[in-house]
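Undergrad: My structure is in model_12.tsv, and what it holds is TSV, C-alpha atoms and all ligand atoms:
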```tsv
chain	number	residue	atom	x	y	z
A	174	MET	CA	183.23	-25.00	145.02
A	175	PRO	CA	184.92	-24.38	148.41
A	176	THR	CA	184.34	-26.93	151.18
A	177	SER	CA	182.23	-26.26	154.25
A	178	GLN	CA	185.39	-26.19	156.43
A	179	GLU	CA	187.05	-23.65	154.14
A	180	LEU	CA	183.98	-21.41	154.32
A	181	THR	CA	183.89	-21.69	158.12
A	182	GLN	CA	187.57	-20.71	158.34
A	183	TRP	CA	186.99	-17.84	155.95
A	184	ALA	CA	183.99	-16.59	157.98
A	185	LEU	CA	185.97	-16.76	161.24
A	186	SER	CA	188.81	-14.80	159.63
A	187	LYS	CA	186.26	-12.03	158.85
A	188	GLY	CA	185.25	-11.80	162.52
A	189	LEU	CA	181.97	-13.77	162.30
A	190	ARG	CA	181.02	-15.91	165.30
A	191	LEU	CA	179.51	-19.26	164.33
A	192	ASN	CA	177.82	-21.19	167.12
A	193	GLY	CA	177.38	-24.76	165.88
A	194	ILE	CA	176.34	-24.01	162.32
A	195	ALA	CA	178.04	-24.56	158.95
A	196	ALA	CA	177.50	-23.95	155.25
A	197	HIS	CA	176.12	-27.02	153.47
A	198	ASN	CA	175.00	-27.82	149.93
A	199	PHE	CA	171.31	-28.77	149.74
A	200	PRO	CA	169.73	-30.37	146.66
A	201	GLN	CA	167.54	-27.91	144.69
A	202	ARG	CA	168.50	-25.02	146.96
A	203	GLY	CA	172.25	-24.63	146.58
A	204	MET	CA	174.25	-23.55	149.59
A	205	GLY	CA	172.39	-23.30	152.88
A	206	ILE	CA	173.06	-23.38	156.61
A	207	VAL	CA	172.95	-26.60	158.61
A	208	ALA	CA	172.75	-27.11	162.39
A	209	LYS	CA	175.76	-29.04	163.70
A	210	LYS	CA	174.13	-29.38	167.17
A	211	HIS	CA	170.72	-29.02	168.86
A	212	PHE	CA	169.42	-25.52	169.56
A	213	HIS	CA	166.68	-24.12	171.80
A	214	ALA	CA	164.52	-21.14	170.92
A	215	GLY	CA	166.49	-17.96	171.54
A	216	ASP	CA	169.97	-19.52	171.14
A	217	VAL	CA	172.37	-17.39	169.13
A	218	LEU	CA	173.40	-19.11	165.88
A	219	LEU	CA	175.55	-16.50	164.20
A	220	SER	CA	176.88	-12.98	164.79
A	221	VAL	CA	178.22	-10.85	161.96
A	222	PRO	CA	180.17	-7.66	162.79
A	223	LEU	CA	179.65	-4.52	160.67
A	224	SER	CA	183.28	-4.82	159.51
A	225	ALA	CA	182.37	-7.95	157.50
A	226	LEU	CA	179.68	-6.24	155.41
A	227	ARG	CA	179.91	-5.02	151.83
A	228	THR	CA	177.98	-1.75	151.70
A	229	GLU	CA	177.84	1.39	149.59
A	230	ARG	CA	180.60	2.82	151.82
A	231	THR	CA	182.96	-0.14	151.35
A	232	VAL	CA	182.89	0.27	147.56
A	233	PRO	CA	186.30	1.74	146.56
A	234	GLU	CA	186.21	5.49	145.93
A	235	ASN	CA	187.47	5.19	142.34
A	236	ILE	CA	184.35	3.13	141.49
A	237	ARG	CA	181.96	5.30	143.51
A	238	ASN	CA	183.25	8.51	141.98
A	239	CYS	CA	183.23	7.44	138.36
A	240	ILE	CA	179.62	6.19	138.15
A	241	LYS	CA	176.80	8.72	138.30
A	242	ASN	CA	173.15	7.97	139.10
A	243	ILE	CA	173.34	4.37	140.12
A	244	SER	CA	171.31	2.42	142.69
A	245	VAL	CA	173.02	0.85	145.69
A	246	GLN	CA	172.32	-2.55	144.11
A	247	GLY	CA	174.07	-1.40	140.93
A	248	LEU	CA	177.03	-0.03	142.85
A	249	LEU	CA	177.47	-3.22	144.90
A	250	ALA	CA	177.15	-5.25	141.69
A	251	THR	CA	179.85	-3.20	139.96
A	252	ASP	CA	182.16	-3.59	142.96
A	253	LEU	CA	181.54	-7.34	143.05
A	254	MET	CA	182.15	-7.70	139.32
A	255	LEU	CA	185.46	-5.79	139.45
A	256	ASP	CA	186.65	-7.28	142.75
A	257	THR	CA	189.69	-9.49	142.19
A	258	SER	CA	190.96	-9.35	145.78
A	259	GLN	CA	192.24	-12.55	147.34
A	260	SER	CA	190.14	-12.04	150.46
A	261	SER	CA	186.81	-12.40	148.67
A	262	THR	CA	187.75	-15.20	146.26
A	263	LEU	CA	186.43	-18.00	148.43
A	264	TRP	CA	183.04	-16.37	148.97
A	265	LYS	CA	182.75	-15.40	145.28
A	266	ASP	CA	183.52	-19.01	144.33
A	267	SER	CA	180.72	-20.26	146.61
A	268	VAL	CA	177.80	-18.29	145.13
A	269	PRO	CA	175.65	-19.67	142.27
A	270	THR	CA	177.29	-19.65	138.84
A	271	LYS	CA	176.14	-17.59	135.88
A	272	GLU	CA	174.66	-20.75	134.36
A	273	ASP	CA	172.67	-21.49	137.54
A	274	MET	CA	171.34	-17.94	137.58
A	275	LYS	CA	170.36	-18.05	133.91
A	276	LYS	CA	168.13	-21.04	134.60
A	277	ALA	CA	166.54	-19.65	137.76
A	278	ILE	CA	166.08	-15.90	137.36
A	279	PRO	CA	163.16	-14.91	135.06
A	280	PHE	CA	164.96	-11.67	134.04
A	281	MET	CA	167.57	-13.86	132.34
A	282	TRP	CA	165.02	-16.09	130.58
A	283	GLU	CA	164.16	-15.75	126.92
A	284	PRO	CA	161.06	-13.61	126.18
A	285	MET	CA	158.99	-16.69	125.26
A	286	LEU	CA	159.42	-17.98	128.85
A	287	GLN	CA	158.92	-14.56	130.41
A	288	ALA	CA	155.57	-14.36	128.61
A	289	LEU	CA	154.44	-17.40	130.63
A	290	LEU	CA	154.98	-15.72	134.01
A	291	PRO	CA	151.92	-15.09	136.17
A	292	GLU	CA	150.68	-11.50	136.27
A	293	ALA	CA	152.27	-10.47	139.59
A	294	ALA	CA	155.69	-11.88	138.66
A	295	SER	CA	155.46	-10.24	135.26
A	296	LYS	CA	154.81	-6.83	136.84
A	297	LEU	CA	157.86	-7.23	139.06
A	298	LEU	CA	159.93	-8.20	136.04
A	299	ALA	CA	158.89	-4.98	134.27
A	300	ILE	CA	160.08	-2.95	137.30
A	301	GLN	CA	163.38	-4.86	137.40
A	302	LYS	CA	163.92	-4.18	133.69
A	303	GLN	CA	163.46	-0.44	134.23
A	304	LYS	CA	165.74	-0.36	137.28
A	305	PHE	CA	168.38	-2.51	135.64
A	306	ARG	CA	168.34	-0.44	132.41
A	307	SER	CA	169.01	2.73	134.38
A	308	ASP	CA	171.95	1.12	136.26
A	309	TRP	CA	173.34	-0.42	133.09
A	310	ASP	CA	173.22	2.94	131.27
A	311	SER	CA	175.23	4.50	134.11
A	312	VAL	CA	177.77	1.67	134.38
A	313	SER	CA	178.33	1.23	130.65
A	314	ALA	CA	178.82	5.00	130.23
A	315	ALA	CA	181.44	5.10	133.00
A	316	LEU	CA	183.10	1.74	132.28
A	317	PRO	CA	182.64	0.94	128.57
A	318	ALA	CA	184.73	-2.25	128.77
A	319	VAL	CA	182.32	-3.94	131.18
A	320	SER	CA	180.31	-6.84	129.74
A	321	TYR	CA	176.50	-6.71	129.84
A	322	ASP	CA	176.32	-10.39	130.78
A	323	ASP	CA	178.73	-9.99	133.69
A	324	PHE	CA	176.82	-7.01	134.99
A	325	VAL	CA	173.42	-8.76	134.81
A	326	TYR	CA	174.92	-11.69	136.70
A	327	SER	CA	176.46	-9.50	139.42
A	328	TRP	CA	173.29	-7.38	139.67
A	329	PHE	CA	171.22	-10.47	140.45
A	330	ILE	CA	173.82	-12.02	142.74
A	331	VAL	CA	173.51	-8.81	144.78
A	332	GLY	CA	169.71	-8.64	144.39
A	333	THR	CA	169.22	-12.18	145.70
A	334	ARG	CA	171.67	-11.89	148.61
A	335	THR	CA	171.39	-8.48	150.26
A	336	PHE	CA	170.00	-7.71	153.70
A	337	TYR	CA	168.25	-4.57	154.92
A	338	TYR	CA	170.98	-2.26	156.19
A	339	THR	CA	171.39	1.37	157.21
A	340	HIS	CA	174.70	2.88	158.28
A	341	PRO	CA	174.66	3.91	161.99
A	342	ASP	CA	175.13	7.58	160.87
A	343	THR	CA	172.11	7.53	158.58
A	344	GLN	CA	169.09	9.54	159.74
A	345	GLU	CA	165.68	8.40	158.44
A	346	PRO	CA	166.38	6.50	155.18
A	347	LEU	CA	164.44	7.90	152.22
A	348	ASP	CA	164.11	4.73	150.20
A	349	SER	CA	164.22	1.25	151.75
A	350	ASN	CA	165.25	-0.22	148.36
A	351	GLU	CA	168.56	1.60	148.80
A	352	CYS	CA	169.20	0.24	152.32
A	353	LEU	CA	171.26	-2.77	151.30
A	354	ALA	CA	174.32	-4.69	152.42
A	355	LEU	CA	175.89	-7.93	151.35
A	356	VAL	CA	176.50	-10.07	154.43
A	357	PRO	CA	178.87	-12.83	153.29
A	358	PHE	CA	178.26	-16.24	154.91
A	359	ALA	CA	174.89	-15.09	156.37
A	360	ASP	CA	173.77	-14.95	152.74
A	361	TYR	CA	173.87	-18.78	152.67
A	362	PHE	CA	170.62	-18.91	154.66
A	363	ASN	CA	167.80	-20.09	152.42
A	364	HIS	CA	164.25	-18.79	152.79
A	365	VAL	CA	161.14	-20.16	154.52
A	366	ASP	CA	157.85	-18.46	155.37
A	367	VAL	CA	158.72	-18.45	159.09
A	368	GLY	CA	162.47	-18.41	159.62
A	369	CYS	CA	165.04	-17.84	162.36
A	370	LYS	CA	165.13	-14.45	164.04
A	371	VAL	CA	167.44	-11.81	162.53
A	372	THR	CA	168.27	-8.59	164.36
A	373	PHE	CA	170.30	-5.70	163.06
A	374	SER	CA	171.92	-3.23	165.48
A	375	SER	CA	174.81	-0.77	165.57
A	376	THR	CA	177.20	-3.71	166.11
A	377	GLY	CA	175.98	-5.94	163.26
A	378	TYR	CA	173.58	-8.82	162.63
A	379	THR	CA	172.58	-11.54	165.08
A	380	PHE	CA	170.74	-14.69	164.03
A	381	CYS	CA	168.84	-16.61	166.74
A	382	ALA	CA	166.82	-19.84	166.74
A	383	GLU	CA	163.08	-19.10	166.86
A	384	ARG	CA	162.23	-22.68	167.90
A	385	LYS	CA	163.96	-25.95	168.79
A	386	ILE	CA	166.31	-26.97	165.97
A	387	ARG	CA	167.65	-30.50	165.72
A	388	LYS	CA	171.23	-31.34	164.74
A	389	GLY	CA	171.37	-31.92	160.97
A	390	GLU	CA	168.35	-29.69	160.15
A	391	GLU	CA	168.61	-26.90	157.63
A	392	ILE	CA	168.22	-23.49	159.27
A	393	CYS	CA	166.51	-20.84	157.16
A	394	THR	CA	165.65	-17.17	157.52
A	395	ASN	CA	162.66	-15.29	156.17
A	396	TYR	CA	163.50	-12.80	153.38
A	397	GLY	CA	160.15	-11.06	153.99
A	398	ASN	CA	156.50	-12.10	153.92
A	399	HIS	CA	156.55	-12.67	150.17
A	400	SER	CA	154.12	-14.36	147.81
A	401	ASN	CA	155.46	-17.08	145.51
A	402	ASP	CA	155.18	-14.74	142.50
A	403	PHE	CA	157.52	-12.34	144.30
A	404	LEU	CA	159.94	-15.14	145.19
A	405	LEU	CA	159.89	-16.37	141.61
A	406	ALA	CA	160.64	-12.98	140.05
A	407	GLU	CA	163.14	-11.77	142.63
A	408	TYR	CA	164.85	-14.97	143.78
A	409	GLY	CA	164.13	-17.63	141.17
A	410	PHE	CA	162.24	-20.18	143.27
A	411	VAL	CA	158.79	-20.87	144.71
A	412	LEU	CA	157.97	-22.43	148.08
A	413	GLU	CA	155.80	-25.55	148.45
A	414	ASP	CA	154.28	-24.19	151.66
A	415	ASN	CA	153.97	-20.45	151.91
A	416	LYS	CA	151.56	-18.89	154.35
A	417	TRP	CA	152.13	-15.51	152.66
A	418	ASP	CA	151.14	-16.65	149.20
A	419	GLU	CA	148.48	-14.70	147.34
A	420	ILE	CA	147.44	-13.89	143.78
A	421	PRO	CA	146.03	-10.66	142.33
A	422	LEU	CA	142.39	-10.56	141.26
A	423	ASP	CA	142.22	-7.12	139.62
A	424	LYS	CA	142.38	-8.48	136.09
A	425	VAL	CA	139.17	-10.49	136.49
A	426	LEU	CA	137.31	-8.09	138.78
A	427	LEU	CA	137.96	-4.50	137.69
A	428	THR	CA	136.08	-4.92	134.40
A	429	LEU	CA	132.89	-5.81	136.30
A	430	PHE	CA	132.31	-2.30	137.62
A	431	SER	CA	130.49	0.54	135.86
A	432	ALA	CA	132.12	3.98	135.63
A	433	LYS	CA	129.89	5.18	138.47
A	434	GLN	CA	130.77	2.20	140.68
A	435	LYS	CA	134.46	2.75	139.94
A	436	GLU	CA	134.13	6.37	141.02
A	437	ILE	CA	132.47	5.34	144.30
A	438	LEU	CA	135.14	2.73	145.03
A	439	GLN	CA	137.88	5.23	144.26
A	440	GLU	CA	136.29	7.81	146.58
A	441	GLU	CA	136.16	5.21	149.36
A	442	ASN	CA	139.67	3.90	148.66
A	443	PHE	CA	138.43	0.45	147.69
A	444	TRP	CA	139.38	0.49	144.01
A	445	GLY	CA	141.76	-2.33	143.06
A	446	ASP	CA	144.47	-4.30	144.88
A	447	TYR	CA	142.11	-7.25	145.24
A	448	VAL	CA	143.83	-10.50	146.19
A	449	LEU	CA	143.11	-14.13	146.96
A	450	ASP	CA	145.17	-16.01	149.53
A	451	GLU	CA	145.00	-19.63	150.64
A	452	HIS	CA	141.98	-18.88	152.85
A	453	SER	CA	139.76	-16.52	150.89
A	454	VAL	CA	139.46	-13.33	148.89
A	455	CYS	CA	140.62	-10.25	150.82
A	456	TYR	CA	138.33	-7.83	152.63
A	457	ARG	CA	138.79	-5.21	149.88
A	458	THR	CA	137.42	-7.72	147.38
A	459	GLN	CA	134.41	-8.57	149.55
A	460	VAL	CA	133.58	-4.89	149.98
A	461	ALA	CA	133.94	-4.07	146.28
A	462	VAL	CA	131.93	-7.07	145.07
A	463	ARG	CA	129.10	-6.15	147.44
A	464	LEU	CA	128.71	-2.91	145.51
A	465	LEU	CA	127.75	-5.00	142.48
A	466	CYS	CA	124.79	-6.52	144.30
A	467	MET	CA	123.63	-3.99	146.91
A	468	PRO	CA	121.73	-0.71	146.59
A	469	ILE	CA	124.31	2.07	146.86
A	470	GLN	CA	122.92	3.58	150.06
A	471	THR	CA	122.78	0.16	151.77
A	472	TRP	CA	126.40	-0.43	150.68
A	473	ARG	CA	127.45	2.94	152.11
A	474	ASN	CA	125.69	2.20	155.41
A	475	SER	CA	127.41	-1.20	155.58
A	476	LEU	CA	130.75	0.41	154.88
A	477	GLU	CA	130.30	2.50	158.02
A	478	SER	CA	128.94	-0.23	160.24
A	479	GLY	CA	131.04	-3.13	158.87
A	480	PHE	CA	129.93	-5.80	156.41
A	481	ASP	CA	128.29	-8.90	157.76
A	482	ASP	CA	129.61	-11.96	155.89
A	483	TYR	CA	126.30	-13.77	156.02
A	484	ASP	CA	123.78	-11.09	155.20
A	485	GLU	CA	121.17	-11.42	152.44
A	486	TYR	CA	123.67	-10.26	149.80
A	487	GLN	CA	126.28	-12.95	150.46
A	488	GLY	CA	124.75	-15.38	147.94
A	489	ALA	CA	124.78	-12.82	145.12
A	490	ALA	CA	128.33	-11.75	145.97
A	491	ASP	CA	129.45	-15.41	145.96
A	492	THR	CA	127.88	-15.95	142.54
A	493	ILE	CA	129.79	-13.00	141.07
A	494	LEU	CA	133.03	-14.19	142.65
A	495	ARG	CA	132.48	-17.76	141.48
A	496	GLU	CA	132.05	-16.61	137.89
A	497	ALA	CA	135.11	-14.33	137.97
A	498	LEU	CA	137.26	-17.00	139.62
A	499	GLY	CA	136.00	-19.56	137.09
A	500	ILE	CA	137.38	-17.38	134.27
A	501	TYR	CA	140.68	-17.04	136.14
A	502	SER	CA	140.84	-20.78	136.73
A	503	LYS	CA	140.36	-21.52	133.04
A	504	ALA	CA	143.10	-19.03	132.11
A	505	ALA	CA	145.47	-20.57	134.69
A	506	TYR	CA	144.78	-24.04	133.33
A	507	GLU	CA	145.52	-22.88	129.77
A	508	LYS	CA	148.81	-21.34	130.91
A	509	LEU	CA	149.73	-24.57	132.64
A	510	GLU	CA	149.06	-26.49	129.44
A	511	GLN	CA	151.33	-24.09	127.50
A	512	VAL	CA	154.07	-24.58	130.10
A	513	LEU	CA	153.77	-28.36	129.91
A	514	GLU	CA	154.35	-28.15	126.16
A	515	LEU	CA	157.74	-26.46	126.64
A	516	SER	CA	160.72	-28.39	125.39
A	517	ALA	CA	162.57	-30.65	127.87
A	518	HIS	CA	165.80	-28.67	127.46
A	519	LEU	CA	164.08	-25.84	129.38
A	520	ALA	CA	163.62	-28.15	132.37
A	521	SER	CA	164.36	-25.60	135.09
A	522	PRO	CA	162.07	-22.70	134.02
A	523	LYS	CA	159.50	-25.24	132.87
A	524	GLY	CA	159.48	-26.92	136.29
A	525	MET	CA	159.20	-23.65	138.15
A	526	LEU	CA	156.48	-22.17	135.92
A	527	GLY	CA	154.55	-25.44	136.00
A	528	LYS	CA	154.71	-25.57	139.78
A	529	ARG	CA	153.54	-21.96	140.05
A	530	TRP	CA	150.59	-22.30	137.66
A	531	LYS	CA	149.49	-25.48	139.48
A	532	GLN	CA	149.59	-23.57	142.77
A	533	ILE	CA	147.57	-20.71	141.27
A	534	HIS	CA	145.02	-23.12	139.82
A	535	LEU	CA	144.71	-24.85	143.19
A	536	LEU	CA	144.29	-21.56	145.08
A	537	ILE	CA	141.44	-20.58	142.77
A	538	SER	CA	139.76	-24.01	142.82
A	539	THR	CA	139.90	-24.09	146.62
A	540	ALA	CA	138.38	-20.61	146.80
A	541	ILE	CA	135.58	-21.63	144.43
A	542	ASP	CA	134.90	-24.76	146.50
A	543	GLY	CA	134.72	-22.52	149.57
A	544	LEU	CA	132.00	-20.51	147.82
A	545	GLY	CA	130.06	-23.71	147.18
A	546	GLY	CA	131.01	-23.95	143.53
A	547	GLN	CA	131.71	-27.04	141.49
A	548	LYS	CA	135.18	-28.59	141.74
A	549	LEU	CA	137.26	-27.55	138.73
A	550	GLU	CA	139.39	-29.73	136.54
B	1	LIG	C1	170.50	-15.55	149.87
B	1	LIG	S1	170.75	-16.80	148.72
B	1	LIG	C2	170.78	-18.24	149.70
B	1	LIG	C3	171.97	-19.12	149.42
B	1	LIG	C4	171.94	-19.82	148.11
B	1	LIG	N1	171.16	-21.04	148.20
B	1	LIG	C5	173.31	-20.15	147.55
B	1	LIG	O1	173.48	-21.20	146.95
B	1	LIG	O2	174.22	-19.36	147.72
B	1	LIG	C6	169.19	-16.80	147.92
B	1	LIG	C7	169.05	-17.82	146.82
B	1	LIG	O3	168.99	-19.12	147.38
B	1	LIG	C8	168.02	-19.92	146.73
B	1	LIG	N2	166.94	-20.23	147.71
B	1	LIG	C9	166.71	-19.62	148.88
B	1	LIG	N3	165.71	-20.20	149.54
B	1	LIG	C10	165.28	-21.20	148.77
B	1	LIG	C11	164.23	-22.17	148.89
B	1	LIG	N4	163.45	-22.24	149.95
B	1	LIG	N5	164.07	-23.06	147.88
B	1	LIG	C12	164.85	-23.03	146.78
B	1	LIG	N6	165.86	-22.12	146.60
B	1	LIG	C13	166.06	-21.22	147.58
B	1	LIG	C14	167.51	-19.09	145.57
B	1	LIG	O4	168.28	-19.40	144.45
B	1	LIG	C15	167.78	-17.66	146.03
B	1	LIG	O5	167.94	-16.76	144.96
```
Any chance you could give the structure as structure tokens?
Ligand SMILES: C[S@@+](CC[C@H](N)C(=O)[O-])C[C@H]1O[C@@H](n2cnc3c(N)ncnc32)[C@H](O)[C@@H]1O

TA:
Amino acid sequence: MPTSQELTQWALSKGLRLNGIAAHNFPQRGMGIVAKKHFHAGDVLLSVPLSALRTERTVPENIRNCIKNISVQGLLATDLMLDTSQSSTLWKDSVPTKEDMKKAIPFMWEPMLQALLPEAASKLLAIQKQKFRSDWDSVSAALPAVSYDDFVYSWFIVGTRTFYYTHPDTQEPLDSNECLALVPFADYFNHVDVGCKVTFSSTGYTFCAERKIRKGEEICTNYGNHSNDFLLAEYGFVLEDNKWDEIPLDKVLLTLFSAKQKEILQEENFWGDYVLDEHSVCYRTQVAVRLLCMPIQTWRNSLESGFDDYDEYQGAADTILREALGIYSKAAYEKLEQVLELSAHLASPKGMLGKRWKQIHLLISTAIDGLGGQKLE
């Protein structure tokens, strides 16, 4: 693993401007960025010129031309995998190893562990599998000597480290999933729910302090307002404190509605996408559940005038929610028990899955308590 000084020198040689920050190894999080001095809100921490980026256009033509129908992530991964240039060795040596990734990234887990993922993470995994399969088909057809294992590793190194990027010449981008760039050194920033300010312009990326930062503190960015299920599936970790966390409720709620009620909710655009966050169930959920306890015309009138949280139907709506959440809570508890039975040699996935199911169980229990229900085990 290169030293912090070596990485600083390497970054400077690529034209980056570091203002009192350095790469640093943090326990449980791998490489991150540390403040070497005090900062005030608004201070510039790091500037990265466009010339330092790895984008679709920096991939050598011989690679670009020989692979058909590949995503930008797949193309960057192929380039990274085949890159033996001296100038990127140091950065390549600083990113997590294949073994680290195998422990953290659910895509690389064995099916028995994948089956223990929460619903939202599992759905994301299914999408990844489809996207990866398509890229792998294209790469293996063009470059038959490439190893599957190496490509999976590179694909996730890219997936966990890219920033939103569009070339200055690009008009309106069609698909934001294809607007990607690797930003070496800046990709050492770890994630928090509210991170330092990142701006992208025609000259590159600028990272600024969003608050006072003390010397010695870790400085993080925000990869997006993601739930912990998203972070788990896409990045291989979950946050302890995450103001954006939420869990889907469709599985326990959709079955409660009759065909007629489903039709009404679909007509009014309130069918599905029900979620629970750390405060309460979402507005969509409240509206839909009211349909289960209100006369249809009263429900329609309320839809126009706005639902009053404390009207005469609140108690009935709470009872329905309490029962549905109770079922969810029991299922979460059973999953947690299954996770706790996993063998000790699976410590990393076991720890992460256990943490996530505990968080889910707590979210549900807190919501039930908020409805006046009994505290759950
Ligand atoms: C963009 S990289 C950040 C640098 C990375 N830590 C490294 O060692 O190179 C994203 C990866 O860092 C790790 N990471 C980022 N934020 C984290 C956090 N808050 N807690 C634990 N791991 C985190 C995850 O492994 C994630 O896939």

Undergrad: Using only C-alpha atoms and all ligand atoms, which residues of the polymer chains come no farther than 6 Å from ligand LIG 1 (chain B)? I'd like the answer as a ChimeraX atom specification.

TA: /A:201-205,268-269,333-334,360-365,408-410,412

Undergrad: Report, in Å with one decimal, the straight-line distance from atom CA of A:Val331 to atom CA of A:Leu355.

TA: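 Atom-to-atom, atom CA of A:Val331 and atom CA of A:Leu355 are spaced 7.0 Å apart.
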
Undergrad: List the spatial neighbours of A:Asp216 as a VMD selection string - criterion: any atom at most 7 Å away, all atoms listed in the file, same-chain residues fewer than 2 positions off excluded.

TA: chain A and resid 212 to 214 218 381 to 382

Undergrad: Using the selection just defined, write its residues with C-alpha atoms as a CSV table (one decimal), keeping the file's coordinate frame.

TA:
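Printed below is result-v4.csv as written:
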```
chain,number,residue,atom,x,y,z
A,212,PHE,CA,169.4,-25.5,169.6
A,213,HIS,CA,166.7,-24.1,171.8
A,214,ALA,CA,164.5,-21.1,170.9
A,218,LEU,CA,173.4,-19.1,165.9
A,381,CYS,CA,168.8,-16.6,166.7
A,382,ALA,CA,166.8,-19.8,166.7
```

Undergrad: Give me the residues within 10 Å of stretch 285-299 of chain A as a PyMOL selection string, counting all atoms listed in the file and dropping any in the same chain fewer than 6 places off.

TA: chain A and resi 278-279+305+400-407+419-422+424+505+508-509+511-512+515+519+522-523+525-527+529-530+533

Undergrad: Write a file of the selected residues as a PDB file, in the frame of the given file, keeping C-alpha atoms.

TA:
```
ATOM      1  CA  ILE A 278     166.080 -15.900 137.360  1.00  0.00           C
ATOM      2  CA  PRO A 279     163.160 -14.910 135.060  1.00  0.00           C
ATOM      3  CA  PHE A 305     168.380  -2.510 135.640  1.00  0.00           C
ATOM      4  CA  SER A 400     154.120 -14.360 147.810  1.00  0.00           C
ATOM      5  CA  ASN A 401     155.460 -17.080 145.510  1.00  0.00           C
ATOM      6  CA  ASP A 402     155.180 -14.740 142.500  1.00  0.00           C
ATOM      7  CA  PHE A 403     157.520 -12.340 144.300  1.00  0.00           C
ATOM      8  CA  LEU A 404     159.940 -15.140 145.190  1.00  0.00           C
ATOM      9  CA  LEU A 405     159.890 -16.370 141.610  1.00  0.00           C
ATOM     10  CA  ALA A 406     160.640 -12.980 140.050  1.00  0.00           C
ATOM     11  CA  GLU A 407     163.140 -11.770 142.630  1.00  0.00           C
ATOM     12  CA  GLU A 419     148.480 -14.700 147.340  1.00  0.00           C
ATOM     13  CA  ILE A 420     147.440 -13.890 143.780  1.00  0.00           C
ATOM     14  CA  PRO A 421     146.030 -10.660 142.330  1.00  0.00           C
ATOM     15  CA  LEU A 422     142.390 -10.560 141.260  1.00  0.00           C
ATOM     16  CA  LYS A 424     142.380  -8.480 136.090  1.00  0.00           C
ATOM     17  CA  ALA A 505     145.470 -20.570 134.690  1.00  0.00           C
ATOM     18  CA  LYS A 508     148.810 -21.340 130.910  1.00  0.00           C
ATOM     19  CA  LEU A 509     149.730 -24.570 132.640  1.00  0.00           C
ATOM     20  CA  GLN A 511     151.330 -24.090 127.500  1.00  0.00           C
ATOM     21  CA  VAL A 512     154.070 -24.580 130.100  1.00  0.00           C
ATOM     22  CA  LEU A 515     157.740 -26.460 126.640  1.00  0.00           C
ATOM     23  CA  LEU A 519     164.080 -25.840 129.380  1.00  0.00           C
ATOM     24  CA  PRO A 522     162.070 -22.700 134.020  1.00  0.00           C
ATOM     25  CA  LYS A 523     159.500 -25.240 132.870  1.00  0.00           C
ATOM     26  CA  MET A 525     159.200 -23.650 138.150  1.00  0.00           C
ATOM     27  CA  LEU A 526     156.480 -22.170 135.920  1.00  0.00           C
ATOM     28  CA  GLY A 527     154.550 -25.440 136.000  1.00  0.00           C
ATOM     29  CA  ARG A 529     153.540 -21.960 140.050  1.00  0.00           C
ATOM     30  CA  TRP A 530     150.590 -22.300 137.660  1.00  0.00           C
ATOM     31  CA  ILE A 533     147.570 -20.710 141.270  1.00  0.00           C
TER      32      ILE A 533
END
```

Undergrad: Can you list, as a compact mmCIF listing (two decimals) with C-alpha atoms, in the frame of the given file, every protein, DNA or RNA residue that comes within 12 Å of stretch 181-193 of chain A when you count only C-alpha atoms, leaving out same-chain residues fewer than 5 positions away?

TA:
```txt
# COMPACT_ATOMS: atom_id res chain seq x y z
CA PRO A 175 184.92 -24.38 148.41
CA THR A 176 184.34 -26.93 151.18
CA ILE A 206 173.06 -23.38 156.61
CA VAL A 207 172.95 -26.60 158.61
CA ALA A 208 172.75 -27.11 162.39
CA LYS A 209 175.76 -29.04 163.70
CA LYS A 210 174.13 -29.38 167.17
CA HIS A 211 170.72 -29.02 168.86
CA PHE A 212 169.42 -25.52 169.56
CA ASP A 216 169.97 -19.52 171.14
CA VAL A 217 172.37 -17.39 169.13
CA LEU A 218 173.40 -19.11 165.88
CA LEU A 219 175.55 -16.50 164.20
CA SER A 220 176.88 -12.98 164.79
CA VAL A 221 178.22 -10.85 161.96
CA PRO A 222 180.17 -7.66 162.79
CA LEU A 223 179.65 -4.52 160.67
CA SER A 224 183.28 -4.82 159.51
CA ALA A 225 182.37 -7.95 157.50
CA LEU A 226 179.68 -6.24 155.41
CA ARG A 227 179.91 -5.02 151.83
CA GLN A 259 192.24 -12.55 147.34
CA SER A 260 190.14 -12.04 150.46
CA SER A 261 186.81 -12.40 148.67
CA THR A 262 187.75 -15.20 146.26
CA LEU A 263 186.43 -18.00 148.43
CA TRP A 264 183.04 -16.37 148.97
CA LYS A 265 182.75 -15.40 145.28
CA SER A 267 180.72 -20.26 146.61
CA VAL A 356 176.50 -10.07 154.43
CA PRO A 357 178.87 -12.83 153.29
CA PHE A 358 178.26 -16.24 154.91
CA ALA A 359 174.89 -15.09 156.37
CA ASP A 360 173.77 -14.95 152.74
CA TYR A 361 173.87 -18.78 152.67
CA THR A 376 177.20 -3.71 166.11
CA GLY A 377 175.98 -5.94 163.26
CA TYR A 378 173.58 -8.82 162.63
CA THR A 379 172.58 -11.54 165.08
CA PHE A 380 170.74 -14.69 164.03
CA CYS A 381 168.84 -16.61 166.74
CA ALA A 382 166.82 -19.84 166.74
CA ILE A 386 166.31 -26.97 165.97
CA ARG A 387 167.65 -30.50 165.72
CA LYS A 388 171.23 -31.34 164.74
CA GLY A 389 171.37 -31.92 160.97
CA GLU A 390 168.35 -29.69 160.15
CA ILE A 392 168.22 -23.49 159.27
```

Undergrad: Name the residues in contact with A:Tyr501 at a cut-off of 10 Å, using all atoms listed in the file, excluding same-chain residues fewer than 6 positions from it; report them as a VMD selection string.

TA: chain A and resid 422 424 to 426 495 507 533 to 534 537 to 538
